[in-house]
Amino acid sequence: MSKRPQCYLTTKDHAILREILDQAPRDNAYGRLLKRKLAQAEICSARNVPDDVVTINSRVTFCVDAGVPRTANVVRNESQDFPNYTVSVESLLGLGLLGLRAGRAIAVETETGGLQKINVIRLDF
């Protein structure tokens with residue numbers, strides 16, 4: 001019986017996360033999640049990644065801690081120029097979403113030591 005991966009990354013998304021780690025290694029909740037994603041992800045070419053996986057540039061509907069669903073575009077960099085409907089993979093929320101399939105959830109450690117559950121409802125594109 002094979003175990004299905006919990007996280008899928010495109011080769012490009014994997015390279016971006018490696019770059020983020022190499023530029024600013026951190027020993028905090030973000031850094032630990034980043035290392036976990038890199039270590040546990042199945043790496044796929046963009047054309048072979050399952051259609052329901054959150055990648056950079058995906059538009060995804062999700063909820064945090066069973067709250068109100070929200071839709072956002074997953075982007076690489078945080079910027080004040082981005083509208084509020086974007087989530088950067090340089091944030092805990094964006095990194096938590098990246099690589100998850102629709103219908104899956106992840107428990108993410110917060111910077112204050114608690115846990116928050118991020119649930120991917122669907123991909124909009």
# chains A, B, ... in the order shown; residues from 1 in each chain; ligands from 1

$ residues_around --residues "A:Ser88" --least-positions-apart "6" --cutoff "7 Å" --atoms "only C-alpha atoms" --output "mmCIF file with C-alpha atoms, in the first residue's frame"
data_model
loop_
_atom_site.group_PDB
_atom_site.id
_atom_site.type_symbol
_atom_site.label_atom_id
_atom_site.label_comp_id
_atom_site.auth_asym_id
_atom_site.auth_seq_id
_atom_site.Cartn_x
_atom_site.Cartn_y
_atom_site.Cartn_z
ATOM 1 C CA VAL A 74 -1.305 32.694 -4.385
ATOM 2 C CA VAL A 75 1.716 34.831 -5.316
ATOM 3 C CA ARG A 76 5.420 34.725 -4.673
ATOM 4 C CA ASN A 77 6.284 38.052 -3.057
ATOM 5 C CA GLU A 78 4.524 40.145 -0.480
ATOM 6 C CA GLY A 94 0.486 31.211 1.593
#

$ select_by_dssp --residues "chain A" --states "strand (DSSP E)" --output "number ranges by chain"
A: 8-10, 42-44, 59-64, 70-75, 86-88, 105-109, 115-123

$ write_last_selection --atoms "C-alpha atoms" --output "JSON list (two decimals), in the first residue's frame"
[["chain", "number", "residue", "atom", "x", "y", "z"],
["A", 8, "TYR", "CA", 2.94, 18.48, -4.43],
["A", 9, "LEU", "CA", 5.23, 21.19, -5.76],
["A", 10, "THR", "CA", 5.98, 22.10, -9.34],
["A", 42, "GLU", "CA", 6.51, 15.29, -4.38],
["A", 43, "ILE", "CA", 8.13, 17.38, -7.09],
["A", 44, "CYS", "CA", 6.33, 17.37, -10.47],
["A", 59, "ARG", "CA", -6.69, 31.19, -7.46],
["A", 60, "VAL", "CA", -7.90, 29.21, -4.46],
["A", 61, "THR", "CA", -10.86, 29.24, -2.09],
["A", 62, "PHE", "CA", -9.93, 28.24, 1.44],
["A", 63, "CYS", "CA", -10.83, 28.76, 5.07],
["A", 64, "VAL", "CA", -8.77, 29.09, 8.24],
["A", 70, "ARG", "CA", -12.10, 33.33, 1.29],
["A", 71, "THR", "CA", -10.71, 33.39, -2.25],
["A", 72, "ALA", "CA", -7.22, 34.62, -3.09],
["A", 73, "ASN", "CA", -4.47, 34.38, -5.66],
["A", 74, "VAL", "CA", -1.30, 32.69, -4.38],
["A", 75, "VAL", "CA", 1.72, 34.83, -5.32],
["A", 86, "THR", "CA", -3.54, 37.85, -2.76],
["A", 87, "VAL", "CA", -1.61, 35.60, -0.40],
["A", 88, "SER", "CA", 2.16, 35.35, -0.63],
["A", 105, "ALA", "CA", -6.11, 20.60, 5.11],
["A", 106, "ILE", "CA", -2.91, 21.33, 6.98],
["A", 107, "ALA", "CA", -2.27, 22.31, 10.58],
["A", 108, "VAL", "CA", 0.21, 25.17, 10.61],
["A", 109, "GLU", "CA", 2.14, 26.34, 13.66],
["A", 115, "LEU", "CA", -1.95, 25.92, 15.55],
["A", 116, "GLN", "CA", -4.25, 27.04, 12.78],
["A", 117, "LYS", "CA", -5.94, 24.71, 10.34],
["A", 118, "ILE", "CA", -5.94, 25.77, 6.70],
["A", 119, "ASN", "CA", -8.46, 23.94, 4.50],
["A", 120, "VAL", "CA", -8.40, 24.13, 0.69],
["A", 121, "ILE", "CA", -11.98, 24.13, -0.52],
["A", 122, "ARG", "CA", -11.39, 24.40, -4.27],
["A", 123, "LEU", "CA", -9.16, 25.79, -6.97]]

$ residues_around --residues "A:Asp13" --least-positions-apart "6" --cutoff "10 Å" --atoms "only C-alpha atoms" --output "PyMOL selection string"
chain A and resi 19+43-46+55-56+76+89+98-99

$ write_last_selection --atoms "C-alpha atoms" --output "compact mmCIF listing (two decimals), in the first residue's frame"
# COMPACT_ATOMS: atom_id res chain seq x y z
CA GLU A 19 15.64 30.24 -3.03
CA ILE A 43 8.13 17.38 -7.09
CA CYS A 44 6.33 17.37 -10.47
CA SER A 45 6.67 19.18 -13.76
CA ALA A 46 3.98 21.80 -14.22
CA THR A 55 0.60 26.33 -7.04
CA ILE A 56 2.01 29.83 -7.30
CA ARG A 76 5.42 34.72 -4.67
CA VAL A 89 4.11 32.12 -0.18
CA LEU A 98 1.05 25.84 -1.47
CA GLY A 99 1.10 22.24 -2.60

$ residues_around --residues "A:Lys35" --least-positions-apart "3" --cutoff "9 Å" --atoms "only C-alpha atoms" --output "JSON, numbers by chain"
{"A": [17, 18, 21, 30, 31, 32, 38, 39, 40]}

$ write_last_selection --atoms "N, CA and C atoms" --output "PDB file, in the first residue's frame"
ATOM      1  N   LEU A  17      10.898  28.061  -3.453  1.00  0.00           N
ATOM      2  CA  LEU A  17      11.002  27.813  -2.006  1.00  0.00           C
ATOM      3  C   LEU A  17      12.452  27.584  -1.592  1.00  0.00           C
ATOM      4  N   ARG A  18      13.233  26.880  -2.403  1.00  0.00           N
ATOM      5  CA  ARG A  18      14.664  26.685  -2.100  1.00  0.00           C
ATOM      6  C   ARG A  18      15.378  28.029  -2.048  1.00  0.00           C
ATOM      7  N   LEU A  21      14.526  29.814   1.159  1.00  0.00           N
ATOM      8  CA  LEU A  21      15.272  29.204   2.259  1.00  0.00           C
ATOM      9  C   LEU A  21      16.736  29.609   2.221  1.00  0.00           C
ATOM     10  N   TYR A  30       7.638  29.802  10.281  1.00  0.00           N
ATOM     11  CA  TYR A  30       7.723  29.835   8.819  1.00  0.00           C
ATOM     12  C   TYR A  30       8.873  28.960   8.326  1.00  0.00           C
ATOM     13  N   GLY A  31      10.035  29.116   8.923  1.00  0.00           N
ATOM     14  CA  GLY A  31      11.201  28.342   8.510  1.00  0.00           C
ATOM     15  C   GLY A  31      11.002  26.851   8.694  1.00  0.00           C
ATOM     16  N   ARG A  32      10.372  26.461   9.785  1.00  0.00           N
ATOM     17  CA  ARG A  32      10.114  25.031  10.014  1.00  0.00           C
ATOM     18  C   ARG A  32       9.131  24.474   8.992  1.00  0.00           C
ATOM     19  N   LEU A  38       9.610  21.363   1.793  1.00  0.00           N
ATOM     20  CA  LEU A  38      10.674  20.977   0.871  1.00  0.00           C
ATOM     21  C   LEU A  38      11.067  19.509   1.038  1.00  0.00           C
ATOM     22  N   ALA A  39      11.064  19.034   2.259  1.00  0.00           N
ATOM     23  CA  ALA A  39      11.481  17.654   2.526  1.00  0.00           C
ATOM     24  C   ALA A  39      10.415  16.632   2.150  1.00  0.00           C
ATOM     25  N   GLN A  40       9.150  16.982   2.276  1.00  0.00           N
ATOM     26  CA  GLN A  40       8.082  15.997   2.113  1.00  0.00           C
ATOM     27  C   GLN A  40       7.340  16.065   0.787  1.00  0.00           C
TER      28      GLN A  40
END

$ atom_distance --atom1 "atom CA of A:Asn48" --atom2 "atom CA of A:Gly96"
21.1 Å

$ closest_residue --among "A:Ala29, A:Leu34, A:Ala41, A:Val68" --to "A:Thr11" --atoms "only C-alpha atoms"
A:Ala41

$ closest_residue --among "A:Gly103, A:Ser91, A:Pro50, A:Asp124" --to "A:Asn28" --atoms "only C-alpha atoms"
A:Ser91

$ atom_distance --atom1 "atom CA of A:Thr112" --atom2 "atom CA of A:Gln6"
24.6 Å

$ select_by_dssp --residues "chain A" --states "alpha helix (DSSP H)" --output "ChimeraX atom specification"
/A:11-23,29-40,92-97

$ write_last_selection --atoms "C-alpha atoms" --output "PDB file, in the first residue's frame"
ATOM      1  CA  THR A  11       9.672  22.203 -10.151  1.00  0.00           C
ATOM      2  CA  LYS A  12       9.382  26.005 -10.406  1.00  0.00           C
ATOM      3  CA  ASP A  13       7.598  26.333  -7.031  1.00  0.00           C
ATOM      4  CA  HIS A  14      10.195  24.031  -5.452  1.00  0.00           C
ATOM      5  CA  ALA A  15      13.019  26.187  -6.842  1.00  0.00           C
ATOM      6  CA  ILE A  16      11.335  29.342  -5.476  1.00  0.00           C
ATOM      7  CA  LEU A  17      11.002  27.813  -2.006  1.00  0.00           C
ATOM      8  CA  ARG A  18      14.664  26.685  -2.100  1.00  0.00           C
ATOM      9  CA  GLU A  19      15.636  30.241  -3.025  1.00  0.00           C
ATOM     10  CA  ILE A  20      13.612  31.665  -0.133  1.00  0.00           C
ATOM     11  CA  LEU A  21      15.272  29.204   2.259  1.00  0.00           C
ATOM     12  CA  ASP A  22      18.766  29.933   0.930  1.00  0.00           C
ATOM     13  CA  GLN A  23      18.299  33.714   1.106  1.00  0.00           C
ATOM     14  CA  ALA A  29       7.320  28.718  12.445  1.00  0.00           C
ATOM     15  CA  TYR A  30       7.723  29.835   8.819  1.00  0.00           C
ATOM     16  CA  GLY A  31      11.201  28.342   8.510  1.00  0.00           C
ATOM     17  CA  ARG A  32      10.114  25.031  10.014  1.00  0.00           C
ATOM     18  CA  LEU A  33       7.110  24.789   7.660  1.00  0.00           C
ATOM     19  CA  LEU A  34       9.290  25.712   4.693  1.00  0.00           C
ATOM     20  CA  LYS A  35      11.800  22.958   5.503  1.00  0.00           C
ATOM     21  CA  ARG A  36       8.976  20.454   6.035  1.00  0.00           C
ATOM     22  CA  LYS A  37       7.365  21.290   2.684  1.00  0.00           C
ATOM     23  CA  LEU A  38      10.674  20.977   0.871  1.00  0.00           C
ATOM     24  CA  ALA A  39      11.481  17.654   2.526  1.00  0.00           C
ATOM     25  CA  GLN A  40       8.082  15.997   2.113  1.00  0.00           C
ATOM     26  CA  LEU A  92       2.599  31.259   6.775  1.00  0.00           C
ATOM     27  CA  LEU A  93      -0.841  31.215   5.152  1.00  0.00           C
ATOM     28  CA  GLY A  94       0.486  31.211   1.593  1.00  0.00           C
ATOM     29  CA  LEU A  95       3.148  28.621   2.351  1.00  0.00           C
ATOM     30  CA  GLY A  96       0.561  26.464   4.095  1.00  0.00           C
ATOM     31  CA  LEU A  97      -1.707  26.569   1.031  1.00  0.00           C
TER      32      LEU A  97
END

$ closest_residue --among "A:Phe125, A:Ala24, A:Gly114, A:Ala102" --to "A:Asp65" --atoms "only C-alpha atoms"
A:Gly114

$ atom_distance --atom1 "atom CA of A:Ala66" --atom2 "atom CA of A:Leu100"
16.5 Å
